[in-house]
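Q: Encoded as structure tokens, here's the structure I'll be asking about.
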Amino acid sequence: MPRMTGSRAIAIALKAEGIDQIFGIVGTHNCPLFDGVFDDPAFRVVTVRHEQGASIMAAGYARASGKIAACFVVPGPGLTNALTGMGMAHSESAPLLLFGGQNTLAQLGREGGHFHELANSLGVAGSVCGYTARVSAPGDVPRVVREATRMMRCQRPRPAYIEMPLDVQSAAADVDLLPPERLGRPAGDPASLARAVEALTSARRPFIFAGGGVATANASAELVRLAEALGAPVLTSMFARGVISDRHPLALGDGWGRLNLYGELLAQADLALVVGSRIDVVSDVNLGAGFPPRMVQIDIDPLVVGQRRPVDVGIVGDAASALRALAEGLVTGGRRDSWFDVAGCRARRSAILQERTGPVGQLIGDLRAALPDDAIVVDDLTLVGYWIPLVFEAYQPRTVIHPGTFGTLGYSLPAAIGAKLACPTQPVVSISGDGGFLFTSQELATAVAEKLDLIALVFNDNAYGAIKTFQDRLYGGRRAGANLVNPDFVKLGEAFGVKSARVEPKDVATAVRRALDAGGVWLLEVPFVPEGPATLVPWMP
Ligand SMILES: Cc1ncc(C[n+]2csc(CCOP(=O)(O)OP(=O)(O)O)c2C)c(N)n1
Ligand SMILES: [Mg+2]
């Protein structure tokens with residue numbers, strides 16, 4: 001039984017779980033945690049400029065790759081600062097392992113005015129976590145880390161929070177290391193799978209609605225195979241873009257239906273196979289009325305199955321294994337032609353979107369043309385970003401990272417940094433507005449320090465534009481709190497040592513190509529005021 005400190009036990013447990021990326025900020029209450037990984041070549045430790053950046057980076061890292069990153073923060077404000085990114089990860093079903101320092105065991109629970117004291121820190125973290133624990137002895141570390149990561153690997157992935165009092169971080173004890181565990185996600189109950197095969201076999205006009213769970217389960221190949229076997233067109237939620245390439249003849253694109261892009265499909269279909277989607281408010285409001293009467297739903301989370309609308313067959317299990325089992329169960333085998341005119345629907349969809357989005361759509365199309373297929377685009381809550389899932393063609397899973405429903409501004413830059421660290425060979429572009437960018441712009445310093453190649457596109461309308469246009473429609477043009485006085489973004493970028501330029505919308509593609517060729521961190525400010533129907537974001541009331 002090896003002897004080690006609590007903090008070194010964390011380092012060893014992380015290695016055992018294959019976790020090598022750490023984001024964080026050091027303080028008196030977590031110095032031993034940082035010391036435990038210092039000089040250990042197994043880890044890449046990235047110092048960030050605000051804990052919100054750390055947790056959002058970990059979320060972006062997971063969204064782009066499926067890999068788990070750890071964060072080290074101080075208690076109190078370090079934890080509360082990190083909560084925003086954990087809330088994002090929670091709403092995105094992304095894993096993230098946050099380690100908080102803590103006051104000493106003897107100081108806890110007394111409200112004695114100790115530095116960084118936060119009553120009920122486990123409860124605070126628990127609202128955005130799937131697992132929380134306080135480790136009171138070094139020997140407990142391997143079990144606690146294993147429990148946290150088991151949840152991430154075998155269930156719906158969620159953030160976890162583990163805190164360790166300062167004296168436990170430094171205490172030496174014998175630590176029993178756990179042998180590696182073969183972890184799998186549940187395959188789905190065979191009887192339900194058999195009933196789903198029956199339902200699919202008898203359906204004449206099925207379609208598939210694929211959500212973010214398909215990306216999380218790395219189930220693209222299985223999804224495409226089943227769709228081909230059924231001749232079923234595939235709609236994707238905004239979290240699943242690219243799980244079927246937009247070049248595939250069965251791919252219909254993003255499933256937001258308020259624009260009535262899929263009316264014919266929904267009117268004709270006799271069965272929906274929903275996989276890896278909770279059918280969130282956006283999808284339900286937009287597609288809800290049109291869902292066909294029969295529905296089969298696959299989800300790793302039992303709470304999700306049948307939650308939004310009744311299902312004929314519910315399968316609780318991993319998307320990849322369930323989709324594989326369904327494809328194998330179909331007696332027809334081979335490929336069926338689609339019962340639906342996918343190409344015609346796509347052409348009509350594209351004409352509607354073009355008319356609706358105007359210059360915004362043009363810009364997104366130009367950006368797509370400037371980027372290789374494997375480029376990763378990370379959105380913020382900005383008028384251009386809202387349209388990305390609908391308009392930007394996605395060719396590979398995990399390449400369009402749209403912020404989760406927790407919906408914080410300032411997501412895109414740190415999430416893009418996390419994505420780049422996870423996928424260093426893929427070009428990464430962050431898309432934000434002037435408002436959102438300033439929530440986390442200081443992470444440019446992190447991108448520079450880490451010598452990343454990264455492009456930050458900032459669309460500047462000197463306003464919280466999406467809200468301004470919302471107020472114009474619903475509050476008689478009373479733009480309360482919506483206008484912004486901004487810094488000079490080019491000078492701001494330059495102050496960080498970032499290559500910076502102001503670019504007209506028509507020149508975005510050229511500027512992006514140039515930035516990709518040159519490498520390094522780029523800030524491209526695009527003065528751009530979206531107008532007309534493009535400001536009516538599809539999900540807004
Ligand atoms: C933390 C947080 N605060 C407030 C909001 C509300 N909000 C949503 S979009 C938006 C405007 C964003 O402005 P900007 O980033 O400039 O993009 P634009 O809409 O102008 O394109 C605001 C304030 C939010 N989503 N998150
Ligand atoms: Mg703006």
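Chain identifiers are assigned as A, B, and so on, following the order in which chains appear in the structure tokens; residues are numbered from 1 within each chain, and ligands are numbered from 1 in order of appearance.
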Give one line per residue of chain A that approaches ligand 1 to at most 7 Å, naming the two atoms of the closest pair and their distance in Å to one decimal, counting only C-alpha atoms and all ligand atoms; sort by chain then ascending residue number and deliver it as a Markdown table.

A:
```
| residue | atom | partner | partner_atom_place_in_ligand_line | distance |
| --- | --- | --- | --- | --- |
| A:Leu381 | CA | ligand 1 | 9 (S) | 5.1 |
| A:Thr382 | CA | ligand 1 | 21 (O) | 3.6 |
| A:Leu383 | CA | ligand 1 | 21 (O) | 3.9 |
| A:Val384 | CA | ligand 1 | 21 (O) | 6.2 |
| A:Gly407 | CA | ligand 1 | 25 (N) | 5.2 |
| A:Thr408 | CA | ligand 1 | 26 (N) | 3.9 |
| A:Leu409 | CA | ligand 1 | 26 (N) | 4.3 |
| A:Ser432 | CA | ligand 1 | 15 (O) | 5.8 |
| A:Gly433 | CA | ligand 1 | 15 (O) | 3.5 |
| A:Asp434 | CA | ligand 1 | 16 (O) | 4.1 |
| A:Gly435 | CA | ligand 1 | 16 (O) | 3.4 |
| A:Gly436 | CA | ligand 1 | 15 (O) | 3.5 |
| A:Phe437 | CA | ligand 1 | 15 (O) | 6.2 |
| A:Phe459 | CA | ligand 1 | 21 (O) | 6.6 |
| A:Asn460 | CA | ligand 1 | 16 (O) | 6.5 |
| A:Asp461 | CA | ligand 1 | 20 (O) | 5.7 |
| A:Asn462 | CA | ligand 1 | 16 (O) | 6.7 |
| A:Ala463 | CA | ligand 1 | 20 (O) | 5.0 |
| A:Tyr464 | CA | ligand 1 | 13 (O) | 3.3 |
| A:Gly465 | CA | ligand 1 | 20 (O) | 3.2 |
| A:Ala466 | CA | ligand 1 | 19 (O) | 3.6 |
| A:Ile467 | CA | ligand 1 | 11 (C) | 5.4 |
```

Q: Keeping only N, CA and C atoms, write those residues as a PDB file, in the first residue's frame.

A:
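Okay, again_1.pdb is ready:
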```
ATOM      1  N   LEU A 381     -24.044  33.299 -27.240  1.00  0.00           N
ATOM      2  CA  LEU A 381     -25.440  33.712 -27.433  1.00  0.00           C
ATOM      3  C   LEU A 381     -25.425  35.059 -28.125  1.00  0.00           C
ATOM      4  N   THR A 382     -25.289  35.009 -29.429  1.00  0.00           N
ATOM      5  CA  THR A 382     -25.209  36.221 -30.236  1.00  0.00           C
ATOM      6  C   THR A 382     -26.029  35.988 -31.495  1.00  0.00           C
ATOM      7  N   LEU A 383     -26.498  37.075 -32.103  1.00  0.00           N
ATOM      8  CA  LEU A 383     -27.429  36.909 -33.217  1.00  0.00           C
ATOM      9  C   LEU A 383     -26.859  36.025 -34.323  1.00  0.00           C
ATOM     10  N   VAL A 384     -25.555  36.143 -34.590  1.00  0.00           N
ATOM     11  CA  VAL A 384     -24.967  35.272 -35.618  1.00  0.00           C
ATOM     12  C   VAL A 384     -24.912  33.832 -35.091  1.00  0.00           C
ATOM     13  N   GLY A 407     -27.152  28.627 -20.788  1.00  0.00           N
ATOM     14  CA  GLY A 407     -27.163  29.849 -21.589  1.00  0.00           C
ATOM     15  C   GLY A 407     -26.386  31.039 -21.074  1.00  0.00           C
ATOM     16  N   THR A 408     -25.126  30.845 -20.695  1.00  0.00           N
ATOM     17  CA  THR A 408     -24.388  32.032 -20.272  1.00  0.00           C
ATOM     18  C   THR A 408     -23.707  32.731 -21.443  1.00  0.00           C
ATOM     19  N   LEU A 409     -23.710  34.040 -21.390  1.00  0.00           N
ATOM     20  CA  LEU A 409     -22.850  34.817 -22.288  1.00  0.00           C
ATOM     21  C   LEU A 409     -21.403  34.557 -21.883  1.00  0.00           C
ATOM     22  N   SER A 432     -18.537  35.263 -31.098  1.00  0.00           N
ATOM     23  CA  SER A 432     -19.309  35.952 -30.063  1.00  0.00           C
ATOM     24  C   SER A 432     -19.718  37.339 -30.513  1.00  0.00           C
ATOM     25  N   GLY A 433     -20.609  37.926 -29.721  1.00  0.00           N
ATOM     26  CA  GLY A 433     -20.967  39.318 -29.921  1.00  0.00           C
ATOM     27  C   GLY A 433     -20.100  40.181 -29.021  1.00  0.00           C
ATOM     28  N   ASP A 434     -20.215  41.495 -29.190  1.00  0.00           N
ATOM     29  CA  ASP A 434     -19.429  42.413 -28.369  1.00  0.00           C
ATOM     30  C   ASP A 434     -19.787  42.251 -26.888  1.00  0.00           C
ATOM     31  N   GLY A 435     -21.074  42.028 -26.606  1.00  0.00           N
ATOM     32  CA  GLY A 435     -21.499  41.885 -25.215  1.00  0.00           C
ATOM     33  C   GLY A 435     -20.921  40.636 -24.594  1.00  0.00           C
ATOM     34  N   GLY A 436     -21.165  39.495 -25.218  1.00  0.00           N
ATOM     35  CA  GLY A 436     -20.711  38.218 -24.671  1.00  0.00           C
ATOM     36  C   GLY A 436     -19.197  38.133 -24.578  1.00  0.00           C
ATOM     37  N   PHE A 437     -18.496  38.703 -25.562  1.00  0.00           N
ATOM     38  CA  PHE A 437     -17.036  38.564 -25.590  1.00  0.00           C
ATOM     39  C   PHE A 437     -16.401  39.142 -24.329  1.00  0.00           C
ATOM     40  N   PHE A 459     -18.597  39.830 -33.343  1.00  0.00           N
ATOM     41  CA  PHE A 459     -19.538  40.633 -34.127  1.00  0.00           C
ATOM     42  C   PHE A 459     -20.010  41.797 -33.269  1.00  0.00           C
ATOM     43  N   ASN A 460     -19.664  42.996 -33.721  1.00  0.00           N
ATOM     44  CA  ASN A 460     -19.879  44.167 -32.869  1.00  0.00           C
ATOM     45  C   ASN A 460     -21.011  45.039 -33.395  1.00  0.00           C
ATOM     46  N   ASP A 461     -22.109  45.089 -32.625  1.00  0.00           N
ATOM     47  CA  ASP A 461     -23.201  46.018 -32.935  1.00  0.00           C
ATOM     48  C   ASP A 461     -23.391  47.015 -31.792  1.00  0.00           C
ATOM     49  N   ASN A 462     -22.365  47.106 -30.920  1.00  0.00           N
ATOM     50  CA  ASN A 462     -22.432  48.015 -29.764  1.00  0.00           C
ATOM     51  C   ASN A 462     -23.747  47.869 -29.002  1.00  0.00           C
ATOM     52  N   ALA A 463     -24.153  46.648 -28.802  1.00  0.00           N
ATOM     53  CA  ALA A 463     -25.424  46.414 -28.096  1.00  0.00           C
ATOM     54  C   ALA A 463     -25.530  44.961 -27.666  1.00  0.00           C
ATOM     55  N   TYR A 464     -26.354  44.738 -26.653  1.00  0.00           N
ATOM     56  CA  TYR A 464     -26.873  43.403 -26.403  1.00  0.00           C
ATOM     57  C   TYR A 464     -27.977  43.217 -27.447  1.00  0.00           C
ATOM     58  N   GLY A 465     -27.548  42.966 -28.663  1.00  0.00           N
ATOM     59  CA  GLY A 465     -28.410  43.115 -29.832  1.00  0.00           C
ATOM     60  C   GLY A 465     -29.636  42.214 -29.816  1.00  0.00           C
ATOM     61  N   ALA A 466     -29.449  40.953 -29.415  1.00  0.00           N
ATOM     62  CA  ALA A 466     -30.586  40.026 -29.444  1.00  0.00           C
ATOM     63  C   ALA A 466     -31.687  40.545 -28.527  1.00  0.00           C
ATOM     64  N   ILE A 467     -31.290  41.154 -27.406  1.00  0.00           N
ATOM     65  CA  ILE A 467     -32.288  41.653 -26.458  1.00  0.00           C
ATOM     66  C   ILE A 467     -32.862  42.978 -26.968  1.00  0.00           C
TER      67      ILE A 467
END
```

Q: As a list in words, please: every residue in stretch 408-531 of chain A that a backbone DSSP assignment puts in strand (DSSP E).

A: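 Here is the list: Val428, Val429, Ser430, Ile431, Ser432, Gly433, Leu454, Ile455, Ala456, Leu457, Val458, Phe459, Asn460, Lys499, Ser500, Ala501, Arg502, Val521, Trp522, Leu523, Leu524, Glu525, Val526 and Pro527 of chain A.
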
Q: Residues near A:His402, anyone? I mean within 8 Å using only C-alpha atoms, not counting same-chain ones fewer than 3 positions away, as a PyMOL selection string.

A: chain A and resi 238-239+378-380+385+389

Q: Within 10 Å of A:Ala69, counting only C-alpha atoms, which residues show up once you throw out same-chain ones fewer than 3 positions away? Write them as a count of residues only, please.

A: 22

Q: Select from stretch 17-98 of chain A everything DSSP, run on the backbone, classes as helix (DSSP H, G or I), then give the selection as a PyMOL selection string.

A: chain A and resi 31-37+51-65+77-91

Q: Export, as a short mmCIF file (atom, residue, chain, number, x, y, z; two decimals), in the first residue's frame, the selected residues with N, CA, C and O atoms.

A:
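Contents of selection35.cif, as written:
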```cif
data_model
loop_
_atom_site.label_atom_id
_atom_site.label_comp_id
_atom_site.auth_asym_id
_atom_site.auth_seq_id
_atom_site.Cartn_x
_atom_site.Cartn_y
_atom_site.Cartn_z
N CYS A 31 -3.01 25.08 -2.86
CA CYS A 31 -1.60 24.94 -3.27
C CYS A 31 -1.16 23.47 -3.30
O CYS A 31 -0.50 23.05 -4.25
N PRO A 32 -1.53 22.67 -2.30
CA PRO A 32 -1.09 21.27 -2.36
C PRO A 32 -1.64 20.53 -3.59
O PRO A 32 -0.96 19.67 -4.15
N LEU A 33 -2.87 20.90 -4.03
CA LEU A 33 -3.42 20.23 -5.22
C LEU A 33 -2.52 20.52 -6.43
O LEU A 33 -2.18 19.62 -7.20
N PHE A 34 -2.15 21.79 -6.59
CA PHE A 34 -1.26 22.14 -7.71
C PHE A 34 0.11 21.51 -7.53
O PHE A 34 0.74 21.05 -8.49
N ASP A 35 0.58 21.48 -6.27
CA ASP A 35 1.89 20.91 -6.00
C ASP A 35 1.91 19.41 -6.35
O ASP A 35 2.91 18.87 -6.81
N GLY A 36 0.77 18.77 -6.16
CA GLY A 36 0.68 17.33 -6.42
C GLY A 36 0.84 16.96 -7.89
O GLY A 36 1.16 15.82 -8.22
N VAL A 37 0.60 17.92 -8.78
CA VAL A 37 0.77 17.62 -10.21
C VAL A 37 1.95 18.39 -10.81
O VAL A 37 2.26 18.26 -12.00
N GLU A 51 -12.14 31.62 -12.68
CA GLU A 51 -12.56 30.21 -12.57
C GLU A 51 -13.71 29.88 -13.51
O GLU A 51 -13.89 28.71 -13.89
N GLN A 52 -14.51 30.89 -13.88
CA GLN A 52 -15.56 30.62 -14.88
C GLN A 52 -14.92 30.10 -16.16
O GLN A 52 -15.43 29.21 -16.83
N GLY A 53 -13.75 30.69 -16.49
CA GLY A 53 -13.02 30.23 -17.68
C GLY A 53 -12.61 28.77 -17.54
O GLY A 53 -12.71 27.99 -18.48
N ALA A 54 -12.17 28.38 -16.34
CA ALA A 54 -11.71 27.00 -16.14
C ALA A 54 -12.84 26.01 -16.40
O ALA A 54 -12.67 25.03 -17.15
N SER A 55 -14.00 26.26 -15.81
CA SER A 55 -15.07 25.28 -15.95
C SER A 55 -15.64 25.29 -17.37
O SER A 55 -16.00 24.24 -17.92
N ILE A 56 -15.68 26.48 -18.00
CA ILE A 56 -16.17 26.49 -19.39
C ILE A 56 -15.15 25.82 -20.31
O ILE A 56 -15.52 25.10 -21.24
N MET A 57 -13.86 26.02 -20.04
CA MET A 57 -12.85 25.32 -20.86
C MET A 57 -13.02 23.81 -20.74
O MET A 57 -12.94 23.08 -21.73
N ALA A 58 -13.27 23.35 -19.52
CA ALA A 58 -13.45 21.90 -19.32
C ALA A 58 -14.70 21.41 -20.08
O ALA A 58 -14.70 20.32 -20.65
N ALA A 59 -15.74 22.26 -20.10
CA ALA A 59 -16.95 21.87 -20.84
C ALA A 59 -16.65 21.80 -22.35
O ALA A 59 -17.04 20.84 -23.02
N GLY A 60 -15.94 22.80 -22.87
CA GLY A 60 -15.59 22.79 -24.29
C GLY A 60 -14.69 21.62 -24.65
O GLY A 60 -14.82 21.00 -25.71
N TYR A 61 -13.76 21.33 -23.75
CA TYR A 61 -12.84 20.19 -23.92
C TYR A 61 -13.64 18.89 -24.06
O TYR A 61 -13.41 18.08 -24.95
N ALA A 62 -14.64 18.73 -23.17
CA ALA A 62 -15.46 17.51 -23.20
C ALA A 62 -16.36 17.49 -24.43
O ALA A 62 -16.52 16.45 -25.07
N ARG A 63 -16.96 18.62 -24.77
CA ARG A 63 -17.87 18.64 -25.92
C ARG A 63 -17.12 18.28 -27.21
O ARG A 63 -17.64 17.58 -28.08
N ALA A 64 -15.87 18.77 -27.33
CA ALA A 64 -15.12 18.54 -28.57
C ALA A 64 -14.57 17.13 -28.65
O ALA A 64 -14.32 16.62 -29.75
N SER A 65 -14.36 16.49 -27.51
CA SER A 65 -13.61 15.23 -27.54
C SER A 65 -14.23 14.08 -26.75
O SER A 65 -13.83 12.94 -26.93
N PRO A 77 -15.16 31.77 -3.33
CA PRO A 77 -15.31 32.41 -4.63
C PRO A 77 -14.80 31.57 -5.80
O PRO A 77 -15.31 31.68 -6.92
N GLY A 78 -13.80 30.73 -5.54
CA GLY A 78 -13.31 29.87 -6.63
C GLY A 78 -14.42 28.94 -7.07
O GLY A 78 -14.64 28.73 -8.27
N LEU A 79 -15.13 28.39 -6.10
CA LEU A 79 -16.24 27.50 -6.43
C LEU A 79 -17.39 28.28 -7.08
O LEU A 79 -17.90 27.88 -8.12
N THR A 80 -17.78 29.40 -6.45
CA THR A 80 -18.94 30.12 -7.02
C THR A 80 -18.60 30.65 -8.41
O THR A 80 -19.45 30.64 -9.30
N ASN A 81 -17.35 31.08 -8.63
CA ASN A 81 -16.98 31.52 -9.99
C ASN A 81 -17.09 30.37 -11.00
O ASN A 81 -17.45 30.57 -12.15
N ALA A 82 -16.75 29.19 -10.55
CA ALA A 82 -16.76 28.04 -11.47
C ALA A 82 -18.17 27.54 -11.76
O ALA A 82 -18.40 26.80 -12.72
N LEU A 83 -19.13 27.94 -10.93
CA LEU A 83 -20.48 27.37 -11.06
C LEU A 83 -21.10 27.62 -12.43
O LEU A 83 -21.84 26.79 -12.95
N THR A 84 -20.81 28.78 -13.03
CA THR A 84 -21.44 29.10 -14.32
C THR A 84 -21.06 28.06 -15.38
O THR A 84 -21.92 27.55 -16.09
N GLY A 85 -19.77 27.75 -15.44
CA GLY A 85 -19.35 26.74 -16.42
C GLY A 85 -19.87 25.36 -16.07
O GLY A 85 -20.17 24.54 -16.95
N MET A 86 -20.02 25.11 -14.77
CA MET A 86 -20.59 23.80 -14.38
C MET A 86 -22.07 23.74 -14.75
O MET A 86 -22.57 22.70 -15.16
N GLY A 87 -22.75 24.86 -14.59
CA GLY A 87 -24.15 24.92 -15.03
C GLY A 87 -24.26 24.66 -16.53
O GLY A 87 -25.16 23.94 -16.99
N MET A 88 -23.32 25.22 -17.28
CA MET A 88 -23.31 24.96 -18.73
C MET A 88 -23.10 23.46 -18.98
O MET A 88 -23.85 22.83 -19.73
N ALA A 89 -22.08 22.91 -18.33
CA ALA A 89 -21.76 21.49 -18.55
C ALA A 89 -22.95 20.62 -18.14
O ALA A 89 -23.27 19.64 -18.80
N HIS A 90 -23.62 21.00 -17.07
CA HIS A 90 -24.78 20.23 -16.61
C HIS A 90 -25.85 20.22 -17.69
O HIS A 90 -26.41 19.18 -18.04
N SER A 91 -26.13 21.39 -18.26
CA SER A 91 -27.19 21.46 -19.28
C SER A 91 -26.75 20.84 -20.60
O SER A 91 -27.56 20.60 -21.47
#
```

Q: State, in Å with one decimal place, the distance from atom CA of A:Ile10 to atom CA of A:Cys154.

A: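 About the pair atom CA of A:Ile10 and atom CA of A:Cys154: they are 21.1 Å apart.
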
Q: Might you pull out every residue within 8 Å of stretch 323-327 of chain A, with only C-alpha atoms counted and same-chain residues fewer than 5 positions away left off, and present them as a list in words?

A: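 Within the cut-off, the hits are Leu193, Ala194, Ala196, Val197, Ala219, Glu222, Leu223, Arg225, Leu226, Ala229 and Gly333 of chain A.
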
Q: Tell me which protein, DNA and RNA residues are within 9 Å of A:Val342, counting only C-alpha atoms, leaving out same-chain ones fewer than 4 positions away, and put them as a PyMOL selection string.

A: chain A and resi 233+249-252+265+338+346-347

Q: Would you please work out which residue, of A:Val503, A:Val458, A:Asp517, A:Leu177, is nearest to ligand 2 when using only C-alpha atoms and all ligand atoms?

A: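 Smallest distance to ligand 2 is found for A:Val458.
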
Q: Nearest to ligand 2: which of A:Glu328, A:Glu525, A:Asp39, A:Asp318 is it, counting only C-alpha atoms and all ligand atoms?

A: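 Nearest candidate to ligand 2 out of A:Glu328, A:Glu525, A:Asp39, A:Asp318: A:Glu525.
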
Q: Which is closer to ligand 2 than all the others in A:Leu523, A:Val274, A:Val124, A:Ile431, using only C-alpha atoms and all ligand atoms?

A: A:Ile431
